[in-house]
Each structure stands twice: as C-alpha cells, then as structure tokens.
>>> print(open('data.csv').read())   # CSV, C-alpha atoms and all ligand atoms
chain,number,residue,atom,x,y,z
M,21,MET,CA,0.0,0.0,0.0
M,22,PRO,CA,1.6,3.3,-1.0
M,23,LEU,CA,1.7,6.1,1.5
M,24,CYS,CA,-1.0,8.6,0.7
M,25,ASP,CA,-1.8,12.1,2.0
M,26,ARG,CA,-5.2,13.1,3.3
M,27,PHE,CA,-6.4,13.8,-0.2
M,28,GLY,CA,-5.5,10.3,-1.4
M,29,ARG,CA,-2.4,11.4,-3.4
M,30,PRO,CA,0.4,8.8,-3.1
M,31,ILE,CA,3.5,10.4,-1.7
M,32,ASP,CA,6.6,8.6,-3.0
M,33,TYR,CA,9.0,11.4,-4.1
M,34,LEU,CA,11.4,13.5,-2.2
M,35,ARG,CA,13.3,16.4,-3.7
M,36,VAL,CA,16.4,17.2,-1.8
M,37,SER,CA,18.2,20.6,-2.2
M,38,ILE,CA,21.8,20.1,-1.3
M,39,THR,CA,23.0,23.7,-1.7
M,40,ASP,CA,21.5,27.2,-2.0
M,41,ARG,CA,24.5,28.4,-4.1
M,42,CYS,CA,24.5,28.8,-7.8
M,43,ASN,CA,27.0,29.8,-10.5
M,44,LEU,CA,24.2,31.2,-12.8
M,45,ARG,CA,21.7,34.0,-12.2
M,46,CYS,CA,18.6,33.1,-14.2
M,47,GLY,CA,16.5,36.2,-14.0
M,48,TYR,CA,13.3,34.3,-13.0
M,49,CYS,CA,15.1,32.5,-10.2
M,50,MET,CA,17.8,34.5,-8.6
M,51,PRO,CA,18.6,38.2,-8.6
M,52,GLU,CA,21.9,39.3,-10.2
M,53,GLU,CA,23.3,40.2,-6.7
M,54,GLY,CA,22.5,36.7,-5.5
M,55,VAL,CA,20.6,35.9,-2.4
M,56,PRO,CA,21.6,35.8,1.3
M,57,LEU,CA,23.3,32.4,1.6
M,58,ARG,CA,22.9,30.1,4.5
M,59,ARG,CA,26.1,29.7,6.6
M,60,HIS,CA,28.0,26.5,6.1
M,61,GLU,CA,26.9,25.2,9.5
M,62,GLU,CA,23.3,25.8,8.6
M,63,ILE,CA,23.4,23.4,5.7
M,64,LEU,CA,22.7,19.7,6.3
M,65,THR,CA,25.7,17.5,6.2
M,66,TYR,CA,25.8,14.6,3.8
M,67,GLU,CA,25.4,12.2,6.8
M,68,GLN,CA,22.3,14.1,7.9
M,69,ILE,CA,20.8,14.0,4.4
M,70,VAL,CA,21.5,10.2,4.0
M,71,ARG,CA,19.9,9.6,7.4
M,72,LEU,CA,16.8,11.6,6.5
M,73,VAL,CA,16.4,10.0,3.1
M,74,ARG,CA,16.8,6.5,4.7
M,75,VAL,CA,14.1,7.3,7.2
M,76,ALA,CA,11.9,8.7,4.4
M,77,THR,CA,12.3,5.5,2.4
M,78,GLU,CA,11.0,3.6,5.4
M,79,ILE,CA,7.7,5.4,5.1
M,80,GLY,CA,7.3,4.9,1.4
M,81,ILE,CA,9.6,7.3,-0.5
M,82,THR,CA,11.1,5.5,-3.4
M,83,LYS,CA,12.2,8.3,-5.7
M,84,VAL,CA,14.7,11.0,-4.8
M,85,ARG,CA,15.9,14.0,-6.8
M,86,LEU,CA,18.9,16.1,-5.9
M,87,THR,CA,18.6,19.7,-6.7
M,88,GLY,CA,19.6,23.2,-5.5
M,89,GLY,CA,20.9,25.9,-6.1
M,90,GLU,CA,23.3,24.1,-8.4
M,91,PRO,CA,23.8,20.6,-6.9
M,92,LEU,CA,27.1,20.0,-8.8
M,93,LEU,CA,28.7,22.9,-7.0
M,94,ARG,CA,28.7,21.1,-3.7
M,95,ARG,CA,31.9,19.3,-3.1
M,96,GLY,CA,31.6,15.5,-2.7
M,97,VAL,CA,28.3,15.2,-4.4
M,98,VAL,CA,29.4,12.0,-6.2
M,99,GLY,CA,30.0,10.4,-2.7
M,100,LEU,CA,26.5,11.4,-1.6
M,101,VAL,CA,25.0,9.9,-4.7
M,102,GLN,CA,26.8,6.7,-4.0
M,103,LYS,CA,25.5,6.5,-0.4
M,104,LEU,CA,21.9,7.3,-1.5
M,105,ALA,CA,22.0,4.8,-4.3
M,106,GLN,CA,22.8,2.0,-1.8
M,107,LEU,CA,19.6,2.5,0.1
M,108,PRO,CA,17.6,-0.6,-0.9
M,109,GLU,CA,14.1,1.1,-1.2
M,110,ILE,CA,15.3,3.7,-3.7
M,111,GLU,CA,14.0,2.9,-7.2
M,112,GLU,CA,15.1,6.1,-8.8
M,113,LEU,CA,17.8,8.6,-7.9
M,114,SER,CA,17.9,11.7,-10.2
M,115,MET,CA,19.3,15.2,-10.3
M,116,THR,CA,18.3,18.6,-11.7
M,117,THR,CA,21.3,20.6,-12.8
M,118,ASN,CA,22.0,23.6,-15.0
M,119,GLY,CA,24.5,21.3,-16.7
M,120,THR,CA,27.4,23.8,-16.7
M,121,THR,CA,29.8,21.4,-15.1
M,122,LEU,CA,28.1,18.1,-15.9
M,123,SER,CA,30.6,17.0,-18.5
M,124,GLU,CA,33.2,16.7,-15.7
M,125,HIS,CA,30.8,14.7,-13.5
M,126,ALA,CA,28.5,12.7,-15.6
M,127,ALA,CA,30.5,9.4,-15.8
M,128,ALA,CA,31.3,9.4,-12.1
M,129,LEU,CA,27.6,10.2,-11.2
M,130,ALA,CA,26.4,7.3,-13.4
M,131,ALA,CA,29.0,5.0,-11.9
M,132,ALA,CA,27.9,6.1,-8.4
M,133,GLY,CA,24.3,5.0,-9.1
M,134,LEU,CA,22.5,8.2,-10.4
M,135,SER,CA,19.7,7.0,-12.6
M,136,ARG,CA,19.2,10.2,-14.8
M,137,VAL,CA,19.4,13.9,-15.0
M,138,ASN,CA,17.2,16.9,-15.9
M,139,ILE,CA,19.2,19.6,-17.4
M,140,SER,CA,17.8,23.2,-17.4
M,141,LEU,CA,18.4,25.0,-20.7
M,142,ASP,CA,16.2,27.8,-22.0
M,143,THR,CA,18.0,28.7,-25.3
M,144,LEU,CA,20.3,27.4,-28.0
M,145,ASP,CA,21.8,30.8,-28.7
M,146,GLN,CA,25.0,31.9,-26.8
M,147,ASP,CA,24.1,35.6,-26.6
M,148,ARG,CA,20.6,34.8,-25.2
M,149,PHE,CA,22.1,32.2,-22.9
M,150,ARG,CA,24.2,35.0,-21.3
M,151,THR,CA,21.2,37.3,-21.1
M,152,ILE,CA,19.0,34.7,-19.5
M,153,THR,CA,21.5,33.2,-17.1
M,154,GLY,CA,23.6,36.4,-16.4
M,155,ARG,CA,26.8,34.4,-17.0
M,156,GLY,CA,27.9,31.0,-18.2
M,157,ARG,CA,28.6,29.4,-21.6
M,158,LEU,CA,26.0,27.5,-23.6
M,159,ALA,CA,28.8,25.2,-25.0
M,160,ASP,CA,29.4,23.9,-21.5
M,161,VAL,CA,25.8,22.8,-21.1
M,162,LEU,CA,25.7,21.2,-24.5
M,163,HIS,CA,28.8,19.2,-23.6
M,164,GLY,CA,27.1,18.3,-20.4
M,165,ILE,CA,24.1,16.9,-22.3
M,166,LEU,CA,26.3,14.8,-24.5
M,167,ALA,CA,28.3,13.5,-21.5
M,168,ALA,CA,25.0,12.6,-19.7
M,169,GLN,CA,23.8,10.7,-22.8
M,170,GLU,CA,27.2,8.9,-23.2
M,171,ALA,CA,27.2,8.0,-19.5
M,172,GLY,CA,23.7,6.4,-19.9
M,173,LEU,CA,22.0,8.9,-17.6
M,174,ALA,CA,18.9,8.2,-19.6
M,175,PRO,CA,16.4,9.6,-20.5
M,176,VAL,CA,18.1,13.0,-20.4
M,177,LYS,CA,15.4,15.5,-19.9
M,178,ILE,CA,15.8,19.2,-20.8
M,179,ASN,CA,13.8,21.7,-18.7
M,180,THR,CA,13.0,24.8,-20.7
M,181,VAL,CA,11.2,27.7,-19.1
M,182,VAL,CA,9.3,29.5,-21.9
M,183,LEU,CA,9.6,33.3,-21.7
M,184,ARG,CA,7.6,35.7,-23.8
M,185,ALA,CA,9.8,37.7,-26.3
M,186,VAL,CA,12.9,36.0,-24.8
M,187,ASN,CA,13.0,32.4,-26.0
M,188,ASP,CA,9.4,31.6,-27.1
M,189,ASP,CA,10.5,31.7,-30.8
M,190,GLU,CA,12.9,28.7,-30.0
M,191,VAL,CA,10.3,26.2,-28.8
M,192,VAL,CA,10.0,24.6,-32.3
M,193,GLU,CA,13.8,24.1,-32.4
M,194,PHE,CA,13.8,22.5,-28.9
M,195,ALA,CA,10.9,20.3,-30.1
M,196,ARG,CA,12.9,19.3,-33.2
M,197,ARG,CA,15.7,18.1,-30.9
M,198,THR,CA,13.3,15.3,-29.7
M,199,ARG,CA,13.7,13.9,-33.3
M,200,THR,CA,17.3,14.7,-34.1
M,201,ASP,CA,19.0,14.2,-30.7
M,202,GLY,CA,16.6,12.1,-28.6
M,203,TRP,CA,16.1,14.9,-26.1
M,204,HIS,CA,13.1,14.7,-23.8
M,205,VAL,CA,12.0,18.3,-23.5
M,206,ARG,CA,9.7,19.7,-20.8
M,207,PHE,CA,8.4,23.2,-21.4
M,208,ILE,CA,7.7,24.9,-18.1
M,209,GLU,CA,5.4,27.9,-17.5
M,210,ILE,CA,7.2,30.6,-15.5
M,211,MET,CA,6.0,30.8,-11.9
M,212,PRO,CA,5.5,34.1,-10.1
M,213,LEU,CA,8.0,33.1,-7.5
M,214,GLY,CA,10.9,35.0,-5.8
M,215,SER,CA,12.7,37.2,-8.3
M,216,GLY,CA,10.4,35.8,-11.0
M,217,THR,CA,7.5,37.6,-9.3
M,218,CYS,CA,8.2,41.0,-10.8
M,219,CYS,CA,8.2,39.9,-14.4
M,220,ALA,CA,6.2,36.7,-14.5
M,221,ASP,CA,3.0,38.3,-16.0
M,222,GLU,CA,4.8,39.8,-19.0
M,223,LEU,CA,7.0,36.8,-19.5
M,224,PHE,CA,4.3,34.1,-19.1
M,225,VAL,CA,3.5,31.9,-22.1
M,226,PRO,CA,0.7,29.4,-21.6
M,227,ALA,CA,1.6,25.8,-22.4
M,228,SER,CA,-1.3,25.7,-24.9
M,229,GLU,CA,0.4,28.4,-27.0
M,230,THR,CA,3.7,26.5,-26.9
M,231,LYS,CA,2.0,23.3,-28.0
M,232,GLN,CA,0.1,25.1,-30.8
M,233,ARG,CA,3.3,26.7,-32.1
M,234,ILE,CA,5.0,23.3,-32.2
M,235,GLU,CA,2.1,21.5,-33.9
M,236,GLU,CA,1.8,24.2,-36.6
M,237,GLU,CA,5.4,23.7,-37.5
M,238,LEU,CA,6.1,20.1,-36.9
M,239,GLY,CA,2.8,18.2,-37.0
M,240,PRO,CA,0.5,16.7,-34.4
M,241,LEU,CA,1.7,15.6,-30.9
M,242,GLU,CA,0.6,12.2,-29.9
M,243,PRO,CA,0.3,11.0,-26.3
M,244,ALA,CA,3.4,9.2,-25.0
M,245,TYR,CA,4.6,7.5,-21.8
M,246,VAL,CA,7.9,8.6,-20.2
M,247,THR,CA,9.6,7.4,-17.0
M,248,GLY,CA,9.5,10.1,-14.4
M,249,ASN,CA,7.8,11.7,-11.6
M,250,GLY,CA,6.4,15.0,-12.6
M,251,PRO,CA,3.1,16.5,-13.2
M,252,ALA,CA,3.8,16.9,-16.9
M,253,ARG,CA,1.7,15.6,-19.7
M,254,HIS,CA,3.8,13.9,-22.3
M,255,CYS,CA,3.5,13.7,-26.0
M,256,ARG,CA,5.6,12.8,-29.0
M,257,LEU,CA,6.2,14.0,-32.5
M,258,ARG,CA,5.8,11.3,-35.1
M,259,GLY,CA,9.1,9.6,-35.6
M,260,ALA,CA,10.8,11.1,-32.5
M,261,THR,CA,12.6,9.0,-29.9
M,262,GLY,CA,12.4,11.9,-27.4
M,263,THR,CA,9.2,13.2,-25.9
M,264,ILE,CA,7.7,16.6,-25.1
M,265,GLY,CA,6.1,17.5,-21.8
M,266,PHE,CA,4.3,20.6,-20.6
M,267,ILE,CA,4.5,21.7,-17.0
M,268,ARG,CA,1.8,24.0,-16.0
M,269,PRO,CA,2.3,24.9,-12.3
M,270,LEU,CA,-0.7,27.3,-12.4
M,271,SER,CA,-3.2,24.6,-13.3
M,272,ALA,CA,-5.2,22.7,-10.7
M,273,HIS,CA,-4.3,19.5,-12.5
M,274,PHE,CA,-0.7,20.0,-11.4
M,275,CYS,CA,-1.6,19.8,-7.7
M,276,ASP,CA,-3.9,16.8,-8.2
M,277,LEU,CA,-1.0,14.8,-9.3
M,278,CYS,CA,1.6,16.1,-6.8
M,279,ASN,CA,3.4,13.2,-5.2
M,280,ARG,CA,6.3,15.0,-3.6
M,281,LEU,CA,7.9,16.5,-0.5
M,282,ARG,CA,10.8,18.9,-0.5
M,283,LEU,CA,13.8,19.2,1.8
M,284,THR,CA,15.7,22.5,1.7
M,285,ALA,CA,19.4,22.7,2.0
M,286,ASP,CA,19.1,24.0,5.6
M,287,GLY,CA,16.9,21.1,6.6
M,288,ARG,CA,13.3,22.4,6.3
M,289,LEU,CA,10.7,19.9,5.1
M,290,LEU,CA,8.1,21.6,2.8
M,291,ALA,CA,5.0,19.7,1.9
M,292,CYS,CA,4.3,22.0,-1.0
M,293,LEU,CA,6.5,24.3,-3.1
M,294,LEU,CA,4.2,27.2,-2.3
M,295,SER,CA,2.9,26.7,1.2
M,296,ASP,CA,4.6,28.4,4.1
M,297,VAL,CA,4.0,25.3,6.3
M,298,GLU,CA,7.4,23.9,7.0
M,299,ILE,CA,9.0,21.5,9.6
M,300,ASP,CA,12.5,22.1,10.8
M,301,LEU,CA,14.4,18.8,10.7
M,302,ARG,CA,17.9,20.2,11.1
M,303,THR,CA,17.5,20.9,14.9
M,304,PRO,CA,16.1,17.5,15.7
M,305,LEU,CA,18.9,15.9,13.6
M,306,ALA,CA,21.5,17.9,15.4
M,307,HIS,CA,20.1,16.7,18.7
M,308,GLY,CA,20.2,13.1,17.7
M,309,LEU,CA,16.5,12.5,17.6
M,310,PRO,CA,15.8,8.8,17.1
M,311,ASP,CA,14.5,7.4,13.8
M,312,ASP,CA,11.0,6.8,15.0
M,313,ARG,CA,10.6,10.5,16.0
M,314,LEU,CA,12.1,11.7,12.7
M,315,ARG,CA,9.6,9.4,10.9
M,316,ASN,CA,6.8,11.1,12.8
M,317,LEU,CA,8.0,14.5,11.7
M,318,LEU,CA,8.0,13.4,8.1
M,319,LEU,CA,4.5,12.0,8.5
M,320,GLN,CA,3.5,15.4,10.1
M,321,GLY,CA,4.8,17.1,7.0
M,322,ILE,CA,2.7,14.8,4.7
M,323,ALA,CA,-0.4,15.4,6.9
M,324,ALA,CA,0.2,19.2,6.4
M,325,LYS,CA,0.3,18.9,2.6
M,326,PRO,CA,-2.4,21.3,1.2
M,327,LYS,CA,-4.8,20.3,-1.5
M,328,GLY,CA,-3.4,22.9,-3.9
M,329,HIS,CA,-1.4,26.1,-4.1
M,330,ARG,CA,-2.9,29.6,-4.6
M,331,LEU,CA,-0.2,30.7,-7.0
M,332,ASP,CA,-2.7,32.3,-9.3
M,333,GLU,CA,-3.7,34.6,-6.5
M,334,ARG,CA,-0.1,35.4,-5.9
M,335,ALA,CA,-0.4,33.8,-2.5
M,336,VAL,CA,3.3,32.9,-2.4
M,337,PRO,CA,5.7,33.2,0.5
M,338,GLN,CA,7.6,36.0,-1.2
M,339,GLU,CA,10.9,35.5,0.5
M,340,GLN,CA,11.2,32.0,-1.0
M,341,LEU,CA,13.3,31.7,-4.2
M,342,MET,CA,13.5,28.5,-6.2
M,343,SER,CA,17.2,28.4,-5.6
M,344,GLN,CA,16.5,28.3,-1.9
M,345,ILE,CA,13.5,25.9,-1.9
M,346,GLY,CA,15.1,23.5,-4.4
M,347,GLY,CA,13.4,23.7,-7.8
M,401,LIG,N1,20.3,24.9,-10.7
M,401,LIG,C1,19.6,23.7,-11.1
M,401,LIG,C2,18.9,24.0,-12.5
M,401,LIG,O1,18.8,25.1,-12.9
M,401,LIG,O2,18.5,23.0,-13.0
M,401,LIG,C3,18.6,23.2,-10.1
M,401,LIG,C4,17.7,24.2,-9.4
M,401,LIG,S1,16.6,25.1,-10.4
M,401,LIG,C5,15.9,26.1,-9.1
M,401,LIG,C6,15.4,23.9,-10.8
M,401,LIG,C7,14.4,24.3,-11.9
M,401,LIG,O3,13.6,25.4,-11.4
M,401,LIG,C8,15.1,24.8,-13.2
M,401,LIG,O4,14.7,24.0,-14.3
M,401,LIG,C9,14.6,26.2,-13.3
M,401,LIG,O5,14.4,26.5,-14.7
M,401,LIG,C10,13.3,26.2,-12.6
M,401,LIG,N2,12.8,27.5,-12.1
M,401,LIG,C11,13.5,28.4,-11.3
M,401,LIG,N3,12.7,29.5,-11.1
M,401,LIG,C12,11.6,29.3,-11.8
M,401,LIG,C13,10.4,30.1,-12.0
M,401,LIG,N4,10.2,31.3,-11.4
M,401,LIG,N5,9.4,29.5,-12.7
M,401,LIG,C14,9.5,28.3,-13.3
M,401,LIG,N6,10.6,27.5,-13.2
M,401,LIG,C15,11.6,28.0,-12.4
M,402,LIG,FE1,20.8,28.7,-10.7
M,402,LIG,FE2,19.1,26.8,-11.5
M,402,LIG,FE3,18.2,29.1,-10.4
M,402,LIG,FE4,19.3,29.2,-12.8
M,402,LIG,S1,17.4,28.1,-12.2
M,402,LIG,S2,19.8,30.6,-11.1
M,402,LIG,S3,20.8,27.6,-12.6
M,402,LIG,S4,19.4,27.6,-9.3
>>> encode(input="data.csv", output="structure tokens", more="lines below")
Ligand code: SAM
Ligand code: SF4
Amino acid sequence: MPLCDRFGRPIDYLRVSITDRCNLRCGYCMPEEGVPLRRHEEILTYEQIVRLVRVATEIGITKVRLTGGEPLLRRGVVGLVQKLAQLPEIEELSMTTNGTTLSEHAAALAAAGLSRVNISLDTLDQDRFRTITGRGRLADVLHGILAAQEAGLAPVKINTVVLRAVNDDEVVEFARRTRTDGWHVRFIEIMPLGSGTCCADELFVPASETKQRIEEELGPLEPAYVTGNGPARHCRLRGATGTIGFIRPLSAHFCDLCNRLRLTADGRLLACLLSDVEIDLRTPLAHGLPDDRLRNLLLQGIAAKPKGHRLDERAVPQEQLMSQIGG
C-alpha cells in the first residue's frame, strides 16, 4: 500500500536541495546580486541527508531527486549519490542541474548510481544564454548533455522555461531536438516566485500556446509515456525518440498529481513548493532524535500537505526563491 496524504495522493517522491549556491543568475530564479546564503553550519551535512532519506524510504519514499541551487557545485556530491544509491528502497535517484559542469561529473555520477538527470536549458543561442543566465557558456551545457547521454543517464530531460519575447521563438527548435537528438524536452510555464514575481506576467507563455506553435510547424503531438515523476503531460512528435512535456504549475491538474515532498538545503521539510508550512528537521537531527521521532516529523509534513497552491492569487511566501527551496 503506498503512503497517501489526506487527499489520497500517493507520496513517494522527495526532492532534496543540497545547496542554495549557484553559478548562474537566471532572472526568474535568482537576482543578479545573488541571495543571502545560509552559513556553512546551517546546511545539512551529507550524513544528515543520507539519514533523513533513509528514514523517508522507510515510510514509502522510493524516488529521490537532488537539486539546489546548483547541486554539482557542492563538493563530494558523487559520494552522496553513491550512499543514497545504496539505500535498498530507492528505485530512482535523479538530479536537476544547470549542466554547466556536468561534463566533468556525468561518468562518475552514473557509476555512483545516479539514474538520470534533468538539465535546465532555455535557449540554444549563446548571446541569449548569457542574457537569461547572467553568465555562463552554452557550450558547457551542450557538452554536459552529450556527456550525460554517453554516461547512460537516460532519459536525459531538458527543462525549458518558456519566456515571452525572450525564447518563445525557440520552442520549435527545442521540439525538433526530440527527433534529431533524442532529447526529452519539458516546457515549463514561468511561476511568479521569488525574483520571477516581478516579471512573470509579461513573460508568461501558456503551455497551450507553446503546443500550438510546435504542432503548426512540426505536425501533431501524440500521447506518450515517459519514465519520471512530474506533473507533466507527455507527448511525442511522429518519428521522434524523445518526448515533449508541458509543466503548468498554475493549473489545478498540477496539484492533483503532486506526489512530492521537499527538503531544503538547511533542513526544512516543505510539503508544497508554495505553502509556508514547514517543519524544521535540522535541529532534531543535530540533537540526535531517534529514527521513529524523525519518521513522525516526516508524517506530520505529509499530513500538512495542502490540496493545492494559490499561485494564481499570488499567495506565495515571497521570501522564497526557487534556488532556496530547491526547484
Ligand atoms: N540549478 C539547477 C537547475 O537550474 O536545473 C537546479 C535548481 S533550479 C531552481 C530547478 C528548476 O527550477 C530549473 O529548471 C529552473 O528553470 C526552474 N525554475 C526556477 N525558477 C523558476 C520560476 N520562477 N518559474 C519556473 N521555473 C523556475
Ligand atoms: Fe541557478 Fe538553477 Fe536558479 Fe538558474 S534556475 S539561477 S541555474 S538555481
């Protein structure tokens, strides 16, 4: 029997942010000047993360995704992957990364037991890449994608936030890559969150518009199945090995399918990306709370999971940034 919340949604997925630091400054996520970072001693140690994940697997978590900030910036991440991959109940261990240093790590991550990666990439043009991310080189990310494919971190999924008058004219090219390069592309609607709040209305492109644009150029999208955890609807272009997904955080459908909990880098358990209900796990961990008490805290977090967010009403804890929550 899977673990369910009070609305009957099975909860089997934990997203773990391992750092709030990042080497990019995507305008919708992090302001150019950065964000106030947690002190080193406020961040969970790898031992604490492994312990929490182990306890979480004992109540039904089977899928774990590492994220951040940029998870590959934290030293020793390959060792963490290795320890987590050894937990017997984990069926899938994945990572979301901006891909800028992935080419250095992909082979070691795969050998350590990582199942697959999601790579965030919003444009295929270097100048735009610089504008969107504030820094960084597109070529590094493209190398990272190739390295991930070669290492067998499959399927490699590409996360693309679609932004009006910034990259919305590239959605067809991204879709084409599902045929030519086997990419699995997930188009994400911008969320009015953190530094994205100011500009989200003018940048917002509905998934329906992205889909229409692709179908007009490349033909009809057919329903498809793809391994994964997200509230994305998947489809496929005729003849493509890769798939296309649309992530619509503003739609009610998104919350109905939500199967996840989040752990922030400083040890707060969030039952919903956009709720301000959180449970501090770092203090109990530091005080050596036994496993059964930790388990109860995790169950409390699940019990507090709201039916849905109120993102469309801008009911968002404004101080929260994706880089801090763990996107
Ligand atoms: N640094 C890693 C990366 O970029 O993949 C992991 C963390 S990042 C916060 C995770 C995902 O959140 C990225 O795919 C990013 O595009 C997405 N994201 C960040 N802010 C967002 C926003 N305001 N709306 C929609 N997606 C956002
Ligand atoms: Fe960094 Fe990822 Fe946020 Fe971009 S989306 S600023 S890469 S954490």
>>> closest_residue(input="data.csv", among="M:Leu72, M:Ile63, M:Leu113, M:Ala285", to="ligand LIG 401 (chain M)", atoms="only C-alpha atoms and all ligand atoms")
M:Ala285
>>> residues_around(input="data.csv", residues="Gly287 in chain M", least_positions_apart="5", cutoff="10 Å", atoms="only C-alpha atoms", output="PDB file with C-alpha atoms, keeping the file's coordinate frame")
ATOM      1  CA  VAL M  36      16.400  17.200  -1.800  1.00  0.00           C
ATOM      2  CA  SER M  37      18.200  20.600  -2.200  1.00  0.00           C
ATOM      3  CA  ILE M  38      21.800  20.100  -1.300  1.00  0.00           C
ATOM      4  CA  GLU M  62      23.300  25.800   8.600  1.00  0.00           C
ATOM      5  CA  ILE M  63      23.400  23.400   5.700  1.00  0.00           C
ATOM      6  CA  LEU M  64      22.700  19.700   6.300  1.00  0.00           C
ATOM      7  CA  THR M  65      25.700  17.500   6.200  1.00  0.00           C
ATOM      8  CA  GLN M  68      22.300  14.100   7.900  1.00  0.00           C
ATOM      9  CA  ILE M  69      20.800  14.000   4.400  1.00  0.00           C
ATOM     10  CA  LEU M  72      16.800  11.600   6.500  1.00  0.00           C
ATOM     11  CA  ARG M 282      10.800  18.900  -0.500  1.00  0.00           C
ATOM     12  CA  GLU M 298       7.400  23.900   7.000  1.00  0.00           C
ATOM     13  CA  ILE M 299       9.000  21.500   9.600  1.00  0.00           C
ATOM     14  CA  ASP M 300      12.500  22.100  10.800  1.00  0.00           C
ATOM     15  CA  LEU M 301      14.400  18.800  10.700  1.00  0.00           C
ATOM     16  CA  ARG M 302      17.900  20.200  11.100  1.00  0.00           C
ATOM     17  CA  THR M 303      17.500  20.900  14.900  1.00  0.00           C
ATOM     18  CA  PRO M 304      16.100  17.500  15.700  1.00  0.00           C
ATOM     19  CA  LEU M 305      18.900  15.900  13.600  1.00  0.00           C
TER      20      LEU M 305
END
>>> residues_near_ligand(input="data.csv", ligand="ligand LIG 402 (chain M)", cutoff="7 Å", atoms="all atoms listed in the file", output="mmCIF file with C-alpha atoms, in the frame of the given file")
data_model
loop_
_atom_site.group_PDB
_atom_site.id
_atom_site.type_symbol
_atom_site.label_atom_id
_atom_site.label_comp_id
_atom_site.auth_asym_id
_atom_site.auth_seq_id
_atom_site.Cartn_x
_atom_site.Cartn_y
_atom_site.Cartn_z
ATOM 1 C CA CYS M 42 24.500 28.800 -7.800
ATOM 2 C CA ASN M 43 27.000 29.800 -10.500
ATOM 3 C CA LEU M 44 24.200 31.200 -12.800
ATOM 4 C CA ARG M 45 21.700 34.000 -12.200
ATOM 5 C CA CYS M 46 18.600 33.100 -14.200
ATOM 6 C CA CYS M 49 15.100 32.500 -10.200
ATOM 7 C CA MET M 50 17.800 34.500 -8.600
ATOM 8 C CA GLY M 88 19.600 23.200 -5.500
ATOM 9 C CA GLY M 89 20.900 25.900 -6.100
ATOM 10 C CA GLU M 90 23.300 24.100 -8.400
ATOM 11 C CA THR M 117 21.300 20.600 -12.800
ATOM 12 C CA ASN M 118 22.000 23.600 -15.000
ATOM 13 C CA THR M 153 21.500 33.200 -17.100
ATOM 14 C CA MET M 342 13.500 28.500 -6.200
ATOM 15 C CA SER M 343 17.200 28.400 -5.600
#
>>> residues_around(input="data.csv", residues="range 220-227 of chain M", least_positions_apart="2", cutoff="10 Å", atoms="all atoms listed in the file", output="ChimeraX atom specification")
/M:48,181-188,207-213,215-218,229-233,265-268,270
>>> atom_distance(input="data.csv", atom1="CA of Pro30 in chain M", atom2="CA of Val297 in chain M")
19.3 Å
>>> residues_near_point(input="data.csv", point="(6.0, 9.5, -1.3)", cutoff="8 Å", atoms="all atoms listed in the file", output="VMD selection string")
chain M and resid 22 to 24 30 to 34 79 to 83 279 to 281
>>> closest_residue(input="data.csv", among="M:Pro269, M:Gly156, M:Gly54, M:Gly262", to="ligand LIG 401 (chain M)", atoms="all atoms listed in the file")
M:Pro269
>>> atom_distance(input="data.csv", atom1="CA of Leu107 in chain M", atom2="CA of Leu134 in chain M")
12.3 Å
>>> atom_distance(input="data.csv", atom1="CA of Met115 in chain M", atom2="CA of Val137 in chain M")
4.9 Å
>>> residues_around(input="data.csv", residues="Arg150 in chain M", least_positions_apart="4", cutoff="12 Å", atoms="all atoms listed in the file", output="PyMOL selection string")
chain M and resi 44-47+141-146+154-159+186
>>> residues_around(input="data.csv", residues="Leu104 in chain M", least_positions_apart="2", cutoff="10 Å", atoms="all atoms listed in the file", output="PyMOL selection string")
chain M and resi 66+69-71+73-74+84+99-102+106-110+113+132-134
>>> residues_around(input="data.csv", residues="Gly321 in chain M", least_positions_apart="2", cutoff="8 Å", atoms="all atoms listed in the file", output="PyMOL selection string")
chain M and resi 289-291+298-299+317-319+323-325
>>> closest_residue(input="data.csv", among="M:Asp25, M:Glu170, M:Glu53, M:Glu67", to="Ala128 in chain M", atoms="only C-alpha atoms")
M:Glu170
>>> closest_residue(input="data.csv", among="M:Arg315, M:Arg206, M:Lys177, M:Arg196", to="Leu238 in chain M", atoms="all atoms listed in the file")
M:Arg196
>>> closest_residue(input="data.csv", among="M:Ala130, M:Ala76, M:Val161, M:Leu309", to="ligand LIG 401 (chain M)", atoms="all atoms listed in the file")
M:Val161
>>> closest_residue(input="data.csv", among="M:Ala260, M:Ala167, M:Leu293, M:Cys278", to="ligand LIG 401 (chain M)", atoms="all atoms listed in the file")
M:Leu293
